[in-house]
>>> print(open('query31.tsv').read())   # TSV, C-alpha atoms
chain	number	residue	atom	x	y	z
A	1	MET	CA	8.04	-16.05	-11.73
A	2	GLY	CA	4.66	-14.76	-10.62
A	3	ARG	CA	3.88	-17.93	-8.70
A	4	ALA	CA	7.32	-17.92	-7.04
A	5	LEU	CA	6.85	-14.30	-6.01
A	6	GLY	CA	3.40	-15.09	-4.63
A	7	THR	CA	4.73	-18.03	-2.67
A	8	LEU	CA	7.58	-15.92	-1.28
A	9	ALA	CA	5.13	-13.18	-0.28
A	10	ALA	CA	2.89	-15.70	1.51
A	11	LEU	CA	5.86	-17.22	3.37
A	12	LEU	CA	7.15	-13.80	4.39
A	13	LEU	CA	3.71	-12.76	5.61
A	14	VAL	CA	3.54	-15.90	7.78
A	15	ALA	CA	7.05	-15.15	9.05
A	16	GLY	CA	5.98	-11.57	9.68
A	17	VAL	CA	3.05	-12.62	11.85
A	18	GLY	CA	5.28	-15.15	13.59
A	19	THR	CA	7.95	-12.59	14.48
A	20	ALA	CA	5.36	-9.96	15.43
A	21	PHE	CA	3.67	-12.26	17.95
A	22	GLY	CA	6.31	-14.86	18.80
A	23	TYR	CA	9.65	-13.06	18.68
A	24	ALA	CA	9.17	-9.34	19.36
A	25	PRO	CA	8.53	-8.53	23.02
A	26	PRO	CA	5.57	-6.42	24.20
A	27	ASP	CA	6.32	-2.72	24.50
A	28	ALA	CA	7.34	-1.53	27.95
A	29	VAL	CA	4.69	1.24	27.92
A	30	GLN	CA	2.05	0.22	25.35
A	31	GLY	CA	2.04	-3.50	26.01
A	32	ASN	CA	0.79	-5.80	23.26
A	33	VAL	CA	-1.22	-3.14	21.43
A	34	GLN	CA	2.13	-1.94	20.09
A	35	ARG	CA	2.17	-5.04	17.84
A	36	ILE	CA	-0.19	-3.18	15.50
A	37	MET	CA	2.93	-1.28	14.43
A	38	TYR	CA	4.11	-4.40	12.55
A	39	VAL	CA	1.20	-3.87	10.13
A	40	HIS	CA	0.84	-0.10	10.27
A	41	VAL	CA	4.45	0.89	9.52
A	42	PRO	CA	5.00	-1.65	6.69
A	43	ALA	CA	1.68	-0.56	5.16
A	44	ILE	CA	2.64	3.11	4.92
A	45	LEU	CA	6.19	2.33	3.74
A	46	THR	CA	4.75	0.06	1.04
A	47	ALA	CA	2.35	2.83	0.08
A	48	TYR	CA	5.34	5.14	-0.45
A	49	VAL	CA	6.94	2.54	-2.72
A	50	ALA	CA	3.66	2.17	-4.62
A	51	ILE	CA	3.56	5.93	-5.14
A	52	GLY	CA	7.16	5.72	-6.35
A	53	VAL	CA	5.98	3.20	-8.95
A	54	VAL	CA	3.20	5.59	-9.97
A	55	LEU	CA	5.76	8.39	-10.24
A	56	VAL	CA	8.12	6.35	-12.44
A	57	GLY	CA	5.30	5.02	-14.61
A	58	SER	CA	3.74	8.46	-14.99
A	59	ILE	CA	6.97	10.20	-15.97
A	60	ALA	CA	7.86	7.39	-18.38
A	61	TYR	CA	4.39	7.49	-19.92
A	62	LEU	CA	4.48	11.26	-20.47
A	63	ALA	CA	7.95	10.91	-22.03
A	64	SER	CA	7.24	7.89	-24.26
A	65	ARG	CA	3.42	7.58	-24.54
A	66	ARG	CA	3.80	3.80	-24.31
A	67	PRO	CA	0.77	2.09	-22.74
A	68	ARG	CA	2.91	-0.29	-20.68
A	69	TRP	CA	4.08	2.62	-18.50
A	70	ASP	CA	0.51	3.76	-17.98
A	71	ARG	CA	-0.45	0.23	-16.93
A	72	LEU	CA	2.43	0.20	-14.44
A	73	ALA	CA	1.27	3.54	-13.00
A	74	ALA	CA	-2.33	2.33	-12.82
A	75	ALA	CA	-1.34	-0.84	-10.96
A	76	GLY	CA	0.78	1.19	-8.57
A	77	GLY	CA	-1.98	3.73	-8.00
A	78	GLU	CA	-4.58	1.15	-7.07
A	79	LEU	CA	-2.24	-0.55	-4.63
A	80	ALA	CA	-1.17	2.80	-3.21
A	81	VAL	CA	-4.80	3.46	-2.27
A	82	CYS	CA	-5.04	0.00	-0.66
A	83	PHE	CA	-1.91	0.41	1.42
A	84	ILE	CA	-2.56	4.03	2.44
A	85	GLY	CA	-6.08	3.02	3.48
A	86	LEU	CA	-4.65	0.11	5.44
A	87	ALA	CA	-2.15	2.40	7.18
A	88	LEU	CA	-4.91	4.87	8.11
A	89	ALA	CA	-7.22	2.12	9.36
A	90	THR	CA	-4.60	0.33	11.45
A	91	GLY	CA	-3.30	3.66	12.75
A	92	SER	CA	-6.81	4.57	13.84
A	93	ILE	CA	-7.29	1.19	15.52
A	94	TRP	CA	-3.99	1.71	17.37
A	95	GLY	CA	-4.88	5.33	18.25
A	96	LYS	CA	-8.08	4.53	20.15
A	97	PRO	CA	-6.50	2.57	23.07
A	98	THR	CA	-3.26	4.62	23.13
A	99	TRP	CA	-4.32	8.20	22.37
A	100	GLY	CA	-7.93	7.74	23.45
A	101	THR	CA	-9.22	8.77	20.03
A	102	TRP	CA	-9.81	7.14	16.63
A	103	TRP	CA	-8.66	10.29	14.83
A	104	THR	CA	-7.02	13.67	15.36
A	105	TRP	CA	-6.20	16.40	12.87
A	106	ASP	CA	-2.49	16.44	13.54
A	107	ALA	CA	-0.05	17.14	10.70
A	108	ARG	CA	0.94	13.56	9.93
A	109	LEU	CA	-2.57	12.11	10.01
A	110	THR	CA	-3.99	15.01	8.01
A	111	SER	CA	-1.31	14.85	5.30
A	112	SER	CA	-1.74	11.06	5.12
A	113	ALA	CA	-5.49	11.43	4.71
A	114	LEU	CA	-4.81	13.98	1.98
A	115	LEU	CA	-2.58	11.43	0.22
A	116	PHE	CA	-5.41	8.89	0.35
A	117	VAL	CA	-7.87	11.37	-1.13
A	118	ILE	CA	-5.41	12.39	-3.87
A	119	TYR	CA	-4.90	8.83	-5.05
A	120	LEU	CA	-8.58	7.99	-4.75
A	121	GLY	CA	-9.04	10.96	-7.04
A	122	TYR	CA	-6.36	9.48	-9.30
A	123	LEU	CA	-8.40	6.28	-9.68
A	124	LEU	CA	-11.62	8.24	-10.17
A	125	LEU	CA	-9.99	10.38	-12.86
A	126	ARG	CA	-9.00	7.25	-14.79
A	127	SER	CA	-12.53	5.91	-14.66
A	128	VAL	CA	-14.44	9.07	-15.65
A	129	VAL	CA	-12.33	10.26	-18.59
A	130	GLU	CA	-13.49	8.19	-21.54
A	131	ASP	CA	-10.59	8.69	-23.94
A	132	PRO	CA	-7.84	6.28	-22.74
A	133	GLU	CA	-4.95	8.51	-23.83
A	134	ARG	CA	-6.38	11.61	-22.16
A	135	ALA	CA	-7.18	9.61	-19.04
A	136	ALA	CA	-3.60	8.34	-18.95
A	137	THR	CA	-2.18	11.84	-19.41
A	138	TYR	CA	-4.34	13.47	-16.73
A	139	ALA	CA	-3.67	10.59	-14.34
A	140	ALA	CA	0.07	10.83	-14.98
A	141	VAL	CA	0.08	14.53	-14.08
A	142	LEU	CA	-1.94	13.91	-10.90
A	143	GLY	CA	0.21	10.91	-10.02
A	144	ILE	CA	3.36	13.04	-10.21
A	145	LEU	CA	1.90	15.97	-8.25
A	146	GLY	CA	0.42	13.68	-5.58
A	147	ALA	CA	3.83	12.22	-4.84
A	148	LEU	CA	4.88	15.64	-3.47
A	149	ASP	CA	2.81	14.86	-0.36
A	150	VAL	CA	5.07	11.94	0.62
A	151	PRO	CA	8.00	14.05	1.93
A	152	VAL	CA	5.47	16.33	3.66
A	153	ILE	CA	4.11	13.30	5.53
A	154	HIS	CA	7.57	12.03	6.43
A	155	PHE	CA	8.87	15.38	7.72
A	156	SER	CA	5.57	16.53	9.27
A	157	VAL	CA	6.61	15.23	12.69
A	158	GLN	CA	9.71	17.48	12.53
A	159	TRP	CA	8.12	20.55	10.94
A	160	TRP	CA	5.03	20.77	13.18
A	161	ARG	CA	4.04	19.93	16.75
A	162	THR	CA	2.24	16.61	16.27
A	163	LEU	CA	0.55	13.95	18.37
A	164	HIS	CA	2.07	11.27	16.12
A	165	GLN	CA	5.45	10.21	17.43
A	166	PRO	CA	8.64	11.13	15.56
A	167	ALA	CA	10.57	8.61	13.46
A	168	SER	CA	12.07	5.70	15.40
A	169	VAL	CA	13.98	4.10	12.52
A	170	LEU	CA	14.20	6.39	9.47
A	171	ARG	CA	16.18	9.14	11.20
A	172	PRO	CA	19.78	10.44	11.14
A	173	GLN	CA	20.57	8.98	14.59
A	174	ALA	CA	20.50	5.30	15.55
A	175	PRO	CA	17.07	3.64	15.83
A	176	THR	CA	15.41	3.93	19.22
A	177	MET	CA	13.75	0.50	19.06
A	178	ASP	CA	14.69	-2.76	20.73
A	179	ALA	CA	16.66	-5.09	18.42
A	180	ALA	CA	14.02	-7.85	18.45
A	181	MET	CA	11.36	-5.30	17.52
A	182	LEU	CA	13.56	-4.07	14.67
A	183	VAL	CA	13.88	-7.62	13.36
A	184	ALA	CA	10.11	-8.15	13.46
A	185	LEU	CA	9.56	-4.80	11.76
A	186	ALA	CA	12.13	-5.60	9.05
A	187	VAL	CA	10.54	-8.99	8.33
A	188	ASN	CA	7.10	-7.41	8.05
A	189	VAL	CA	8.37	-4.60	5.81
A	190	ALA	CA	9.94	-7.23	3.52
A	191	ALA	CA	6.68	-9.22	3.58
A	192	PHE	CA	4.59	-6.21	2.62
A	193	LEU	CA	6.98	-5.10	-0.13
A	194	CYS	CA	7.04	-8.61	-1.61
A	195	THR	CA	3.25	-8.75	-1.42
A	196	PHE	CA	3.05	-5.42	-3.21
A	197	ALA	CA	5.41	-6.64	-5.93
A	198	TYR	CA	3.31	-9.76	-6.45
A	199	LEU	CA	-0.04	-7.94	-6.46
A	200	ALA	CA	1.37	-5.26	-8.79
A	201	THR	CA	2.51	-7.88	-11.31
A	202	ARG	CA	-0.90	-9.55	-11.23
A	203	ARG	CA	-2.71	-6.21	-11.57
A	204	TYR	CA	-0.45	-5.31	-14.49
A	205	ARG	CA	-1.29	-8.66	-16.11
A	206	LEU	CA	-5.01	-7.95	-15.65
A	207	LEU	CA	-4.66	-4.49	-17.22
A	208	ALA	CA	-2.84	-6.02	-20.21
A	209	LEU	CA	-5.57	-8.65	-20.64
A	210	GLU	CA	-8.27	-5.98	-20.43
A	211	ALA	CA	-6.46	-3.90	-23.07
A	212	GLU	CA	-6.22	-6.93	-25.40
A	213	SER	CA	-9.89	-7.70	-24.84
A	214	ALA	CA	-10.87	-4.09	-25.60
A	215	ALA	CA	-8.72	-4.07	-28.75
A	216	ARG	CA	-10.42	-7.26	-29.99
A	217	ALA	CA	-13.84	-5.73	-29.31
A	218	TRP	CA	-12.94	-2.80	-31.59
A	219	GLN	CA	-11.92	-5.07	-34.49
B	220	MET	CA	-2.07	-2.29	27.93
B	221	ASN	CA	-2.95	-5.37	25.98
B	222	HIS	CA	-6.16	-4.63	24.10
B	223	TRP	CA	-5.98	-7.86	22.10
B	224	GLY	CA	-9.28	-7.01	20.43
B	225	PHE	CA	-7.71	-3.98	18.81
B	226	VAL	CA	-4.65	-5.99	17.76
B	227	LEU	CA	-6.79	-8.70	16.17
B	228	ALA	CA	-8.96	-6.07	14.49
B	229	ALA	CA	-5.92	-4.45	12.89
B	230	TYR	CA	-4.55	-7.75	11.60
B	231	GLY	CA	-8.03	-8.76	10.46
B	232	VAL	CA	-8.42	-5.57	8.44
B	233	ALA	CA	-4.99	-6.15	6.85
B	234	ALA	CA	-5.85	-9.74	5.94
B	235	ALA	CA	-9.23	-8.73	4.53
B	236	VAL	CA	-7.79	-5.94	2.37
B	237	LEU	CA	-4.88	-7.98	0.98
B	238	LEU	CA	-6.82	-11.21	0.44
B	239	GLY	CA	-9.83	-9.37	-0.95
B	240	TYR	CA	-7.72	-7.46	-3.47
B	241	TRP	CA	-5.81	-10.58	-4.50
B	242	TRP	CA	-9.00	-12.61	-4.95
B	243	ARG	CA	-10.66	-9.87	-6.99
B	244	VAL	CA	-7.69	-9.55	-9.38
B	245	GLU	CA	-7.17	-13.31	-9.74
B	246	HIS	CA	-10.87	-13.93	-10.37
B	247	ARG	CA	-10.90	-11.37	-13.18
B	248	ILE	CA	-7.65	-12.71	-14.70
B	249	ARG	CA	-9.04	-16.25	-14.71
B	250	SER	CA	-12.26	-15.19	-16.42
B	251	LEU	CA	-10.39	-13.22	-19.13
B	252	GLU	CA	-7.90	-16.04	-19.72
B	253	ALA	CA	-10.76	-18.56	-19.94
B	254	GLY	CA	-12.43	-16.33	-22.53
B	255	GLU	CA	-9.19	-16.15	-24.50
B	256	ARG	CA	-8.80	-19.94	-24.44
B	257	GLY	CA	-12.41	-20.31	-25.58
B	258	ARG	CA	-11.73	-18.06	-28.59
B	259	LYS	CA	-8.67	-20.11	-29.61
>>> encode(input="query31.tsv", output="structure tokens")
Amino acid sequence: MGRALGTLAALLLVAGVGTAFGYAPPDAVQGNVQRIMYVHVPAILTAYVAIGVVLVGSIAYLASRRPRWDRLAAAGGELAVCFIGLALATGSIWGKPTWGTWWTWDARLTSSALLFVIYLGYLLLRSVVEDPERAATYAAVLGILGALDVPVIHFSVQWWRTLHQPASVLRPQAPTMDAAMLVALAVNVAAFLCTFAYLATRRYRLLALEAESAARAWQ
Amino acid sequence: MNHWGFVLAAYGVAAAVLLGYWWRVEHRIRSLEAGERGRK
């Protein structure tokens, strides 16, 4: 199943690049630099899903104390950092030619950077606490609390005056984007989510192997 | 505005992050599985 999922992810990523460059038109105002959105938006949406996985794994671990839930949370946490970092980096690269700056302390960017720091801290916490059960417990608490930043990020463009544009798709009214752009965005979101699922299963496998190896070392 | 350099940079960063992570995980899995096979 892992190989099939990996193959599907690779095919969707190729399709994603194909639709981003070959199907979606250039933006009427931004031109071709707008195509960065087909990486930036899927990255942050995938990060939200990854944090959801951390949330589920953390709650389940605190309730059951079963290591498999902690491994799930750990895999999700590492990938959350990757995808948040990717969203920040691609957003910055997009911001320079459009806003004229690599960075600004507006509400959405600031709360996203905070999310990145929180989950970097989550990974650091796991590595510095020596006792595995205590590390898992502390990480679970931080993983749950950190997830509170996700709705803040999403609603920041409504709650505060921000440079970042408001939602074009995830909003009560109809999307404001061209249909071809929506298709390209949907394909890329699917590609990123499938890639996350594949990488998460492989990371989970690695964590299980490392746990077995550590258990053998103790015997 | 085209700014193809910025577009390619963004896609390059994405490819580097995803491929780099995948390679790192797979490399470690292979070495642990090889160690396990060696023990058996």
>>> interface_residues(input="query31.tsv", of="chain B", to="chain A", cutoff="8 Å", atoms="only C-alpha atoms", output="PyMOL selection string")
chain B and resi 220-223+225-226+228-230+232-233+236+241+244-245+247-248+251-252
>>> atom_distance(input="query31.tsv", atom1="atom CA of Thr7 of chain A", atom2="atom CA of Ser58 of chain A")
29.2 Å
>>> atom_distance(input="query31.tsv", atom1="atom CA of Met1 of chain A", atom2="atom CA of Thr201 of chain A")
9.9 Å
>>> residues_around(input="query31.tsv", residues="Ala136 of chain A", least_positions_apart="6", cutoff="10 Å", atoms="only C-alpha atoms", output="ChimeraX atom specification")
/A:58,61-62,65,67,69-71,73-74,125-126,129,142
>>> atom_distance(input="query31.tsv", atom1="atom CA of Val141 of chain A", atom2="atom CA of Ile59 of chain A")
8.4 Å
>>> residues_around(input="query31.tsv", residues="Ala184 of chain A", least_positions_apart="5", cutoff="12 Å", atoms="all atoms listed in the file", output="list in words")
Leu12, Leu13, Val14, Ala15, Gly16, Val17, Gly18, Thr19, Ala20, Phe21, Gly22, Tyr23, Ala24, Pro25, Pro26, Arg35, Ile36, Met37, Tyr38, Val39, Val41, Pro42, Met177, Asp178, Ala179, Val189, Ala190 and Ala191 of chain A
